[in-house]
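Participant: work_27.pdb is reproduced below (PDB, C-alpha atoms, pLDDT in the B column).
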ATOM      1  CA  LYS U   1       0.000   0.000   0.000  1.00 90.00           C
ATOM      2  CA  ILE U   2       2.856   2.376   0.804  1.00 90.00           C
ATOM      3  CA  ALA U   3       4.448   1.588  -2.546  1.00 90.00           C
ATOM      4  CA  ILE U   4       1.165   2.332  -4.332  1.00 93.00           C
ATOM      5  CA  VAL U   5       0.977   5.743  -2.635  1.00 92.00           C
ATOM      6  CA  SER U   6       4.572   6.396  -3.707  1.00 90.00           C
ATOM      7  CA  VAL U   7       3.713   5.618  -7.336  1.00 92.00           C
ATOM      8  CA  ALA U   8       0.716   7.952  -7.234  1.00 92.00           C
ATOM      9  CA  LEU U   9       2.774  10.830  -5.841  1.00 91.00           C
ATOM     10  CA  LEU U  10       5.719  10.270  -8.177  1.00 90.00           C
ATOM     11  CA  THR U  11       3.283  10.321 -11.094  1.00 91.00           C
ATOM     12  CA  LEU U  12       1.813  13.540  -9.741  1.00 91.00           C
ATOM     13  CA  ILE U  13       5.244  15.191  -9.618  1.00 89.00           C
ATOM     14  CA  ILE U  14       5.668  14.409 -13.330  1.00 89.00           C
ATOM     15  CA  ALA U  15       2.314  16.081 -14.009  1.00 90.00           C
ATOM     16  CA  THR U  16       3.232  19.174 -11.996  1.00 89.00           C
ATOM     17  CA  GLY U  17       6.586  19.311 -13.757  1.00 85.00           C
ATOM     18  CA  ALA U  18       4.724  19.305 -17.051  1.00 84.00           C
ATOM     19  CA  ALA U  19       2.574  22.152 -15.723  1.00 86.00           C
ATOM     20  CA  VAL U  20       5.745  24.138 -15.006  1.00 85.00           C
ATOM     21  CA  ARG U  21       6.966  23.542 -18.540  1.00 80.00           C
ATOM     22  CA  LEU U  22       3.676  24.231 -20.322  1.00 79.00           C
ATOM     23  CA  SER U  23       2.901  27.368 -18.326  1.00 81.00           C
ATOM     24  CA  ASP U  24       6.388  28.804 -18.995  1.00 76.00           C
ATOM     25  CA  SER U  25       7.074  28.864 -15.249  1.00 79.00           C
ATOM     26  CA  GLY U  26      10.526  27.270 -15.305  1.00 77.00           C
ATOM     27  CA  LEU U  27      12.142  30.468 -14.052  1.00 78.00           C
ATOM     28  CA  GLY U  28       9.164  31.598 -11.991  1.00 79.00           C
ATOM     29  CA  CYS U  29      11.406  31.253  -8.940  1.00 79.00           C
ATOM     30  CA  GLU U  30      14.759  32.961  -9.332  1.00 76.00           C
ATOM     31  CA  SER U  31      16.674  31.071  -6.651  1.00 75.00           C
ATOM     32  CA  TRP U  32      16.731  27.731  -4.818  1.00 73.00           C
ATOM     33  CA  PRO U  33      15.459  26.602  -2.317  1.00 72.00           C
ATOM     34  CA  ASN U  34      13.837  30.008  -1.722  1.00 76.00           C
ATOM     35  CA  CYS U  35      11.672  31.302  -4.535  1.00 78.00           C
ATOM     36  CA  LYS U  36      13.126  34.815  -4.385  1.00 75.00           C
ATOM     37  CA  PRO U  37      16.618  35.665  -3.081  1.00 72.00           C
ATOM     38  CA  GLY U  38      16.494  36.524   0.622  1.00 69.00           C
ATOM     39  CA  GLN U  39      12.717  36.037   0.884  1.00 68.00           C
ATOM     40  CA  LEU U  40      10.961  33.259   2.803  1.00 67.00           C
ATOM     41  CA  THR U  41       7.500  34.143   1.507  1.00 69.00           C
ATOM     42  CA  VAL U  42       6.111  32.907  -1.794  1.00 68.00           C
ATOM     43  CA  PRO U  43       5.195  35.582  -4.371  1.00 67.00           C
ATOM     44  CA  THR U  44       1.600  35.572  -5.519  1.00 73.00           C
ATOM     45  CA  ASP U  45       2.190  35.713  -9.279  1.00 79.00           C
ATOM     46  CA  MET U  46       1.116  32.649 -11.250  1.00 84.00           C
ATOM     47  CA  HIS U  47       4.537  31.563 -12.559  1.00 82.00           C
ATOM     48  CA  SER U  48       6.108  31.623  -9.097  1.00 83.00           C
ATOM     49  CA  LEU U  49       3.207  29.698  -7.566  1.00 85.00           C
ATOM     50  CA  VAL U  50       3.384  26.963 -10.203  1.00 86.00           C
ATOM     51  CA  GLU U  51       7.140  26.531  -9.850  1.00 85.00           C
ATOM     52  CA  PHE U  52       7.153  26.717  -6.045  1.00 84.00           C
ATOM     53  CA  GLY U  53       4.210  24.314  -5.835  1.00 85.00           C
ATOM     54  CA  ASN U  54       6.234  21.786  -7.800  1.00 86.00           C
ATOM     55  CA  ARG U  55       9.082  22.173  -5.302  1.00 85.00           C
ATOM     56  CA  VAL U  56       6.835  21.774  -2.255  1.00 85.00           C
ATOM     57  CA  LEU U  57       5.279  18.629  -3.699  1.00 86.00           C
ATOM     58  CA  SER U  58       8.730  17.187  -4.443  1.00 85.00           C
ATOM     59  CA  ALA U  59       9.804  17.752  -0.841  1.00 85.00           C
ATOM     60  CA  SER U  60       6.621  16.126   0.462  1.00 87.00           C
ATOM     61  CA  ILE U  61       7.172  13.085  -1.736  1.00 89.00           C
ATOM     62  CA  GLY U  62      10.624  12.746  -0.204  1.00 89.00           C
ATOM     63  CA  PHE U  63       9.091  11.928   3.195  1.00 92.00           C
ATOM     64  CA  VAL U  64       6.701   9.375   1.678  1.00 92.00           C
ATOM     65  CA  VAL U  65       9.387   7.444  -0.228  1.00 93.00           C
ATOM     66  CA  LEU U  66      11.637   7.542   2.849  1.00 94.00           C
ATOM     67  CA  PHE U  67       8.780   5.955   4.788  1.00 94.00           C
ATOM     68  CA  ALA U  68       8.521   3.288   2.077  1.00 93.00           C
ATOM     69  CA  ALA U  69      12.240   2.505   2.398  1.00 95.00           C
ATOM     70  CA  ILE U  70      11.996   2.224   6.204  1.00 95.00           C
ATOM     71  CA  ALA U  71       8.897   0.026   5.887  1.00 94.00           C
ATOM     72  CA  ALA U  72      10.781  -2.261   3.497  1.00 94.00           C
ATOM     73  CA  MET U  73      13.543  -2.664   6.113  1.00 94.00           C
ATOM     74  CA  ARG U  74      11.014  -3.470   8.853  1.00 94.00           C
ATOM     75  CA  ARG U  75       9.083  -5.944   6.717  1.00 91.00           C
ATOM     76  CA  ARG U  76       9.064  -9.567   7.860  1.00 89.00           C
ATOM     77  CA  PRO U  77      10.134 -11.815   6.342  1.00 90.00           C
ATOM     78  CA  TYR U  78      13.039  -9.540   5.419  1.00 92.00           C
ATOM     79  CA  ARG U  79      13.655  -9.237   1.676  1.00 93.00           C
ATOM     80  CA  ARG U  80      16.898  -7.699   0.518  1.00 93.00           C
ATOM     81  CA  ASP U  81      15.592  -7.046  -3.005  1.00 92.00           C
ATOM     82  CA  LEU U  82      12.745  -4.885  -1.675  1.00 94.00           C
ATOM     83  CA  VAL U  83      15.065  -2.926   0.608  1.00 95.00           C
ATOM     84  CA  LEU U  84      17.546  -2.110  -2.162  1.00 95.00           C
ATOM     85  CA  LEU U  85      14.782  -1.161  -4.571  1.00 93.00           C
ATOM     86  CA  ALA U  86      12.918   0.949  -1.998  1.00 95.00           C
ATOM     87  CA  TRP U  87      16.024   2.950  -1.077  1.00 96.00           C
ATOM     88  CA  THR U  88      16.503   4.003  -4.698  1.00 95.00           C
ATOM     89  CA  LEU U  89      13.403   6.182  -4.307  1.00 94.00           C
ATOM     90  CA  PRO U  90      14.576   8.585  -1.550  1.00 95.00           C
ATOM     91  CA  ALA U  91      18.036   8.628  -3.142  1.00 95.00           C
ATOM     92  CA  GLY U  92      16.430   9.567  -6.450  1.00 93.00           C
ATOM     93  CA  VAL U  93      14.381  12.338  -4.827  1.00 92.00           C
ATOM     94  CA  VAL U  94      17.597  13.851  -3.431  1.00 92.00           C
ATOM     95  CA  VAL U  95      19.190  13.699  -6.882  1.00 94.00           C
ATOM     96  CA  GLN U  96      16.018  15.204  -8.330  1.00 89.00           C
ATOM     97  CA  GLY U  97      16.230  18.144  -5.952  1.00 87.00           C
ATOM     98  CA  ALA U  98      19.869  18.769  -6.835  1.00 91.00           C
ATOM     99  CA  LEU U  99      19.091  18.665 -10.567  1.00 91.00           C
ATOM    100  CA  GLY U 100      16.176  21.050 -10.052  1.00 85.00           C
ATOM    101  CA  ALA U 101      18.487  23.482  -8.279  1.00 85.00           C
ATOM    102  CA  MET U 102      21.025  23.289 -11.109  1.00 88.00           C
ATOM    103  CA  SER U 103      18.257  23.819 -13.673  1.00 83.00           C
ATOM    104  CA  VAL U 104      17.367  27.099 -11.995  1.00 81.00           C
ATOM    105  CA  LYS U 105      20.959  28.224 -11.416  1.00 83.00           C
ATOM    106  CA  SER U 106      21.829  27.543 -15.074  1.00 82.00           C
ATOM    107  CA  ASP U 107      18.782  29.510 -16.334  1.00 79.00           C
ATOM    108  CA  LEU U 108      17.202  26.281 -17.569  1.00 78.00           C
ATOM    109  CA  GLY U 109      20.266  24.842 -19.255  1.00 78.00           C
ATOM    110  CA  TYR U 110      18.918  22.084 -21.474  1.00 77.00           C
ATOM    111  CA  GLY U 111      21.224  19.382 -20.089  1.00 82.00           C
ATOM    112  CA  TRP U 112      20.028  19.958 -16.524  1.00 86.00           C
ATOM    113  CA  VAL U 113      16.381  20.181 -17.626  1.00 84.00           C
ATOM    114  CA  MET U 114      16.628  16.881 -19.500  1.00 86.00           C
ATOM    115  CA  ALA U 115      18.306  15.130 -16.555  1.00 90.00           C
ATOM    116  CA  HIS U 116      15.694  16.556 -14.164  1.00 89.00           C
ATOM    117  CA  PHE U 117      12.877  14.984 -16.187  1.00 88.00           C
ATOM    118  CA  ALA U 118      14.771  11.730 -16.824  1.00 90.00           C
ATOM    119  CA  VAL U 119      15.186  11.068 -13.095  1.00 92.00           C
ATOM    120  CA  SER U 120      11.435  11.511 -12.613  1.00 91.00           C
ATOM    121  CA  MET U 121      10.728   8.843 -15.219  1.00 90.00           C
ATOM    122  CA  VAL U 122      13.287   6.447 -13.739  1.00 92.00           C
ATOM    123  CA  LEU U 123      11.767   6.902 -10.275  1.00 93.00           C
ATOM    124  CA  ALA U 124       8.311   6.145 -11.657  1.00 91.00           C
ATOM    125  CA  VAL U 125       9.599   2.920 -13.217  1.00 92.00           C
ATOM    126  CA  PHE U 126      11.377   1.842 -10.026  1.00 94.00           C
ATOM    127  CA  SER U 127       8.312   2.556  -7.906  1.00 93.00           C
ATOM    128  CA  MET U 128       6.152   0.394 -10.198  1.00 94.00           C
ATOM    129  CA  LEU U 129       8.760  -2.352  -9.969  1.00 93.00           C
ATOM    130  CA  LEU U 130       8.637  -2.083  -6.179  1.00 94.00           C
ATOM    131  CA  ILE U 131       4.870  -2.691  -6.238  1.00 94.00           C
ATOM    132  CA  TRP U 132       5.259  -5.707  -8.500  1.00 92.00           C
ATOM    133  CA  ARG U 133       7.955  -7.298  -6.354  1.00 91.00           C
ATOM    134  CA  ALA U 134       6.054  -6.586  -3.131  1.00 91.00           C
ATOM    135  CA  LEU U 135       3.000  -8.407  -4.505  1.00 90.00           C
ATOM    136  CA  HIS U 136       4.896 -11.596  -5.355  1.00 86.00           C
ATOM    137  CA  ALA U 137       7.410 -13.582  -3.348  1.00 84.00           C
ATOM    138  CA  PRO U 138      10.633 -14.621  -5.138  1.00 83.00           C
ATOM    139  CA  GLY U 139      10.029 -17.735  -7.226  1.00 80.00           C
ATOM    140  CA  GLU U 140       6.265 -17.593  -6.708  1.00 83.00           C
ATOM    141  CA  ARG U 141       5.575 -16.983 -10.389  1.00 82.00           C
ATOM    142  CA  PRO U 142       7.231 -19.198 -13.015  1.00 85.00           C
ATOM    143  CA  ARG U 143       9.172 -17.546 -15.830  1.00 85.00           C
ATOM    144  CA  SER U 144       7.180 -17.143 -19.030  1.00 86.00           C
ATOM    145  CA  ASP U 145       7.949 -19.564 -21.842  1.00 88.00           C
ATOM    146  CA  ASP U 146       6.287 -17.314 -24.440  1.00 91.00           C
ATOM    147  CA  ARG U 147       9.473 -16.036 -26.068  1.00 92.00           C
ATOM    148  CA  LEU U 148       7.623 -13.949 -28.664  1.00 93.00           C
ATOM    149  CA  ALA U 149       5.733 -11.987 -26.015  1.00 92.00           C
ATOM    150  CA  VAL U 150       8.856 -11.551 -23.850  1.00 93.00           C
ATOM    151  CA  TRP U 151      11.040 -10.201 -26.664  1.00 94.00           C
ATOM    152  CA  SER U 152       8.198  -8.036 -27.998  1.00 95.00           C
ATOM    153  CA  ILE U 153       7.896  -6.348 -24.604  1.00 93.00           C
ATOM    154  CA  ARG U 154      11.665  -5.911 -24.381  1.00 93.00           C
ATOM    155  CA  GLY U 155      11.678  -4.302 -27.804  1.00 95.00           C
ATOM    156  CA  LEU U 156       8.835  -2.022 -26.724  1.00 94.00           C
ATOM    157  CA  LEU U 157      10.903  -0.921 -23.722  1.00 91.00           C
ATOM    158  CA  VAL U 158      13.766   0.091 -26.014  1.00 93.00           C
ATOM    159  CA  LEU U 159      11.445   2.061 -28.293  1.00 92.00           C
ATOM    160  CA  THR U 160       9.772   3.726 -25.316  1.00 90.00           C
ATOM    161  CA  ALA U 161      13.142   4.799 -23.931  1.00 88.00           C
ATOM    162  CA  ALA U 162      14.062   6.214 -27.348  1.00 88.00           C
ATOM    163  CA  ALA U 163      10.789   8.180 -27.405  1.00 87.00           C
ATOM    164  CA  TRP U 164      11.531   9.567 -23.920  1.00 85.00           C
ATOM    165  CA  ILE U 165      15.046  10.660 -24.826  1.00 84.00           C
ATOM    166  CA  SER U 166      14.115  12.242 -28.154  1.00 81.00           C
ATOM    167  CA  GLY U 167      11.083  13.893 -26.549  1.00 81.00           C
ATOM    168  CA  MET U 168      13.309  15.416 -23.874  1.00 81.00           C
ATOM    169  CA  GLY U 169      15.635  16.633 -26.594  1.00 77.00           C
ATOM    170  CA  ALA U 170      12.791  18.146 -28.596  1.00 73.00           C
ATOM    171  CA  THR U 171      11.651  20.095 -25.550  1.00 71.00           C
ATOM    172  CA  ALA U 172      15.102  21.181 -24.409  1.00 66.00           C
ATOM    173  CA  ALA U 173      16.574  22.090 -27.813  1.00 60.00           C
ATOM    174  CA  GLY U 174      14.179  24.947 -28.506  1.00 54.00           C
ATOM    175  CA  PRO U 175      14.677  28.570 -27.530  1.00 52.00           C
ATOM    176  CA  HIS U 176      12.201  28.284 -24.629  1.00 48.00           C
ATOM    177  CA  ALA U 177      12.697  25.271 -22.377  1.00 45.00           C
ATOM    178  CA  GLY U 178      10.374  26.618 -19.718  1.00 45.00           C
ATOM    179  CA  GLY U 179      11.285  30.263 -19.333  1.00 45.00           C
ATOM    180  CA  HIS U 180       8.841  32.975 -20.319  1.00 47.00           C
ATOM    181  CA  ALA U 181       9.615  35.879 -22.598  1.00 45.00           C
ATOM    182  CA  ASP U 182      10.692  38.497 -20.037  1.00 47.00           C
ATOM    183  CA  GLN U 183      13.269  36.210 -18.430  1.00 43.00           C
ATOM    184  CA  ALA U 184      16.700  35.115 -19.558  1.00 40.00           C
ATOM    185  CA  VAL U 185      17.028  31.836 -21.396  1.00 42.00           C
ATOM    186  CA  SER U 186      20.300  30.048 -21.888  1.00 41.00           C
ATOM    187  CA  PRO U 187      21.678  29.361 -25.370  1.00 41.00           C
ATOM    188  CA  ARG U 188      20.362  26.138 -26.866  1.00 46.00           C
ATOM    189  CA  TRP U 189      22.013  23.574 -29.047  1.00 46.00           C
ATOM    190  CA  GLU U 190      24.591  24.997 -31.417  1.00 47.00           C
ATOM    191  CA  PRO U 191      25.387  25.931 -34.111  1.00 41.00           C
ATOM    192  CA  GLN U 192      21.737  26.669 -34.911  1.00 43.00           C
ATOM    193  CA  ALA U 193      19.165  25.952 -32.232  1.00 43.00           C
ATOM    194  CA  SER U 194      16.301  25.913 -34.716  1.00 43.00           C
ATOM    195  CA  GLY U 195      18.102  23.433 -36.932  1.00 48.00           C
ATOM    196  CA  SER U 196      18.859  21.214 -33.960  1.00 53.00           C
ATOM    197  CA  LEU U 197      15.246  21.394 -32.853  1.00 58.00           C
ATOM    198  CA  GLU U 198      14.010  20.424 -36.306  1.00 63.00           C
ATOM    199  CA  TRP U 199      16.336  17.417 -36.404  1.00 64.00           C
ATOM    200  CA  VAL U 200      15.327  16.236 -32.901  1.00 64.00           C
ATOM    201  CA  VAL U 201      11.605  16.686 -33.508  1.00 62.00           C
ATOM    202  CA  HIS U 202      11.860  14.635 -36.710  1.00 63.00           C
ATOM    203  CA  ARG U 203      13.586  11.853 -34.749  1.00 61.00           C
ATOM    204  CA  HIS U 204      10.835  12.018 -32.116  1.00 60.00           C
ATOM    205  CA  GLY U 205       7.967  11.868 -34.615  1.00 60.00           C
ATOM    206  CA  ARG U 206       9.129  10.721 -38.036  1.00 56.00           C
ATOM    207  CA  GLU U 207       5.657  10.958 -39.567  1.00 45.00           C
ATOM    208  CA  GLN U 208       5.583  14.756 -39.351  1.00 43.00           C
ATOM    209  CA  PRO U 209       6.374  16.339 -42.749  1.00 44.00           C
ATOM    210  CA  PRO U 210       9.426  18.635 -42.715  1.00 44.00           C
ATOM    211  CA  THR U 211       7.495  21.424 -44.468  1.00 46.00           C
ATOM    212  CA  ARG U 212       5.438  21.968 -41.305  1.00 45.00           C
ATOM    213  CA  LEU U 213       8.394  23.244 -39.285  1.00 45.00           C
ATOM    214  CA  ARG U 214       9.604  25.415 -42.163  1.00 46.00           C
ATOM    215  CA  VAL U 215       6.213  27.073 -42.388  1.00 44.00           C
ATOM    216  CA  VAL U 216       6.135  27.694 -38.635  1.00 46.00           C
ATOM    217  CA  ARG U 217       9.656  29.127 -38.664  1.00 47.00           C
ATOM    218  CA  GLU U 218       8.896  31.419 -41.613  1.00 48.00           C
ATOM    219  CA  ARG U 219       5.728  32.563 -39.882  1.00 47.00           C
ATOM    220  CA  ASP U 220       7.678  33.371 -36.723  1.00 51.00           C
ATOM    221  CA  ASP U 221      10.268  35.304 -38.760  1.00 52.00           C
ATOM    222  CA  ILE U 222       7.513  37.392 -40.338  1.00 52.00           C
ATOM    223  CA  LEU U 223       5.923  38.087 -36.957  1.00 52.00           C
TER
END
The structure given in the file should be rewritten as structure tokens.
Facilitator:
Amino acid sequence: KIAIVSVALLTLIIATGAAVRLSDSGLGCESWPNCKPGQLTVPTDMHSLVEFGNRVLSASIGFVVLFAAIAAMRRRPYRRDLVLLAWTLPAGVVVQGALGAMSVKSDLGYGWVMAHFAVSMVLAVFSMLLIWRALHAPGERPRSDDRLAVWSIRGLLVLTAAAWISGMGATAAGPHAGGHADQAVSPRWEPQASGSLEWVVHRHGREQPPTRLRVVRERDDIL
């Protein structure tokens, strides 16, 4: 049950992170861990509230996953596999916080932004694995002899990981990886950010015709 709660909250943090990105609130808070330098209060503007809310939720999740790790250690019969897997969650939350801080300090440098999201996805996978292992004792379920199904799922995992990575690149390569117009944004992929973005987006969704991005870019140039 504790593991299920952890999965729900870790999924929620991904959703709130998406809200930060889609609302252009990535630099809504100028410093870390405080939202504004030297201020303990939270500003009331929308961008700051969205960004700071994401931080508060992340900190709250840290206590829940720590509780899950302690519960795994107290479980009887003791299972080493559950303990090791459960402790990856609080460790990952600490790493997540550090990456979030570096994302802010680097003015949303794309490498830090990509790593920040990647850790969230890895934590979600590990938390689901923790549920699965907690439901079944070692050796309780026989290994599947359906080789076609097993290798199909393994291939799907590889393709899913490729979609994650290229999707992160498509988001981070553009001129606005979360910052809104009146705030500084760091330089994106060189030598031409737009060219890099076009290449990454085509890798992420090969079915999209290349003329679409050209039209959008020409429209933006005219505007």
Participant: Could you tell me how far atom CA of Asp107 of chain U sits from atom CA of Ala59 of chain U, in Å to one decimal place?
Facilitator: 21.4 Å
Participant: Which residue is closest to Arg75 of chain U? Choose from U:Trp132, U:Leu49, U:Leu123, U:Ile2 and count only C-alpha atoms.
Facilitator: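 Ranking U:Trp132, U:Leu49, U:Leu123, U:Ile2 by distance to Arg75 of chain U, first place goes to U:Ile2.
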Participant: So which residues touch Glu30 of chain U within 9 Å, counting only C-alpha atoms, skipping near sequence neighbours fewer than 3 positions away, as a list in words?
Facilitator: Leu27, Asn34, Cys35, Lys36, Pro37, Ser48, Val104, Lys105 and Asp107 of chain U
Participant: Find the residues around segment 85-96 of chain U up to 7 Å (all atoms listed in the file counted), leave out those fewer than 2 positions away in its own chain, and share them as a list in words.
Facilitator: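 Here the answer would be Gly62, Val65, Leu66, Ala68, Ala69, Ala72, Asp81, Leu82, Val83, Ala98, Leu99, Gly100, His116, Val119, Leu123 and Leu130 of chain U.
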Participant: For the PyMOL selection byres ((chain U and resi 54) around 8), applied here, can you spell out every residue it catches as JSON, numbers by chain?
Facilitator: {"U": [13, 16, 17, 20, 50, 51, 52, 53, 55, 56, 57, 58]}
Participant: Save the residues we just selected, C-alpha atoms, as a tab-separated table (two decimals), in the frame of the given file?
Facilitator:
chain	number	residue	atom	x	y	z
U	13	ILE	CA	5.24	15.19	-9.62
U	16	THR	CA	3.23	19.17	-12.00
U	17	GLY	CA	6.59	19.31	-13.76
U	20	VAL	CA	5.74	24.14	-15.01
U	50	VAL	CA	3.38	26.96	-10.20
U	51	GLU	CA	7.14	26.53	-9.85
U	52	PHE	CA	7.15	26.72	-6.04
U	53	GLY	CA	4.21	24.31	-5.84
U	55	ARG	CA	9.08	22.17	-5.30
U	56	VAL	CA	6.84	21.77	-2.26
U	57	LEU	CA	5.28	18.63	-3.70
U	58	SER	CA	8.73	17.19	-4.44
Participant: Step by step, work through what the PyMOL selection byres ((chain U and resi 7-10) around 7) selects in the shown file, and finish by giving those residues as an NGL selection string.
Facilitator: :U and (3-6 or 11-14 or 61 or 124 or 127-128)
Participant: Write out the residues from the selection above, keeping C-alpha atoms, as a compact mmCIF listing (two decimals), in the coordinates of the input.
Facilitator:
# COMPACT_ATOMS: atom_id res chain seq x y z
CA ALA U 3 4.45 1.59 -2.55
CA ILE U 4 1.16 2.33 -4.33
CA VAL U 5 0.98 5.74 -2.64
CA SER U 6 4.57 6.40 -3.71
CA THR U 11 3.28 10.32 -11.09
CA LEU U 12 1.81 13.54 -9.74
CA ILE U 13 5.24 15.19 -9.62
CA ILE U 14 5.67 14.41 -13.33
CA ILE U 61 7.17 13.08 -1.74
CA ALA U 124 8.31 6.14 -11.66
CA SER U 127 8.31 2.56 -7.91
CA MET U 128 6.15 0.39 -10.20
Participant: Go through U:Ala134, U:Cys29, U:Ala163, U:Met168 and flag the residue nearest Arg76 of chain U, using only C-alpha atoms for the distances.
Facilitator: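 Result for the nearest residue to Arg76 of chain U: U:Ala134.
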Participant: Could you check which of U:Leu156, U:Val125, U:Leu84, U:Ala170 is closest to Ile70 of chain U, using all atoms listed in the file?
Facilitator: U:Leu84
Participant: Between U:Ala118, U:Val113, U:Trp164, U:Met102, which residue has the minimum interatomic distance to Pro33 of chain U, considering all atoms listed in the file?
Facilitator: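 Checking each of U:Ala118, U:Val113, U:Trp164, U:Met102 against Pro33 of chain U, counting all atoms listed in the file, the winner is U:Met102.
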Participant: Which is closer to Ser166 of chain U than all the others in U:Gly139, U:Met114, U:Phe126, U:Arg133, using all atoms listed in the file?
Facilitator: U:Met114
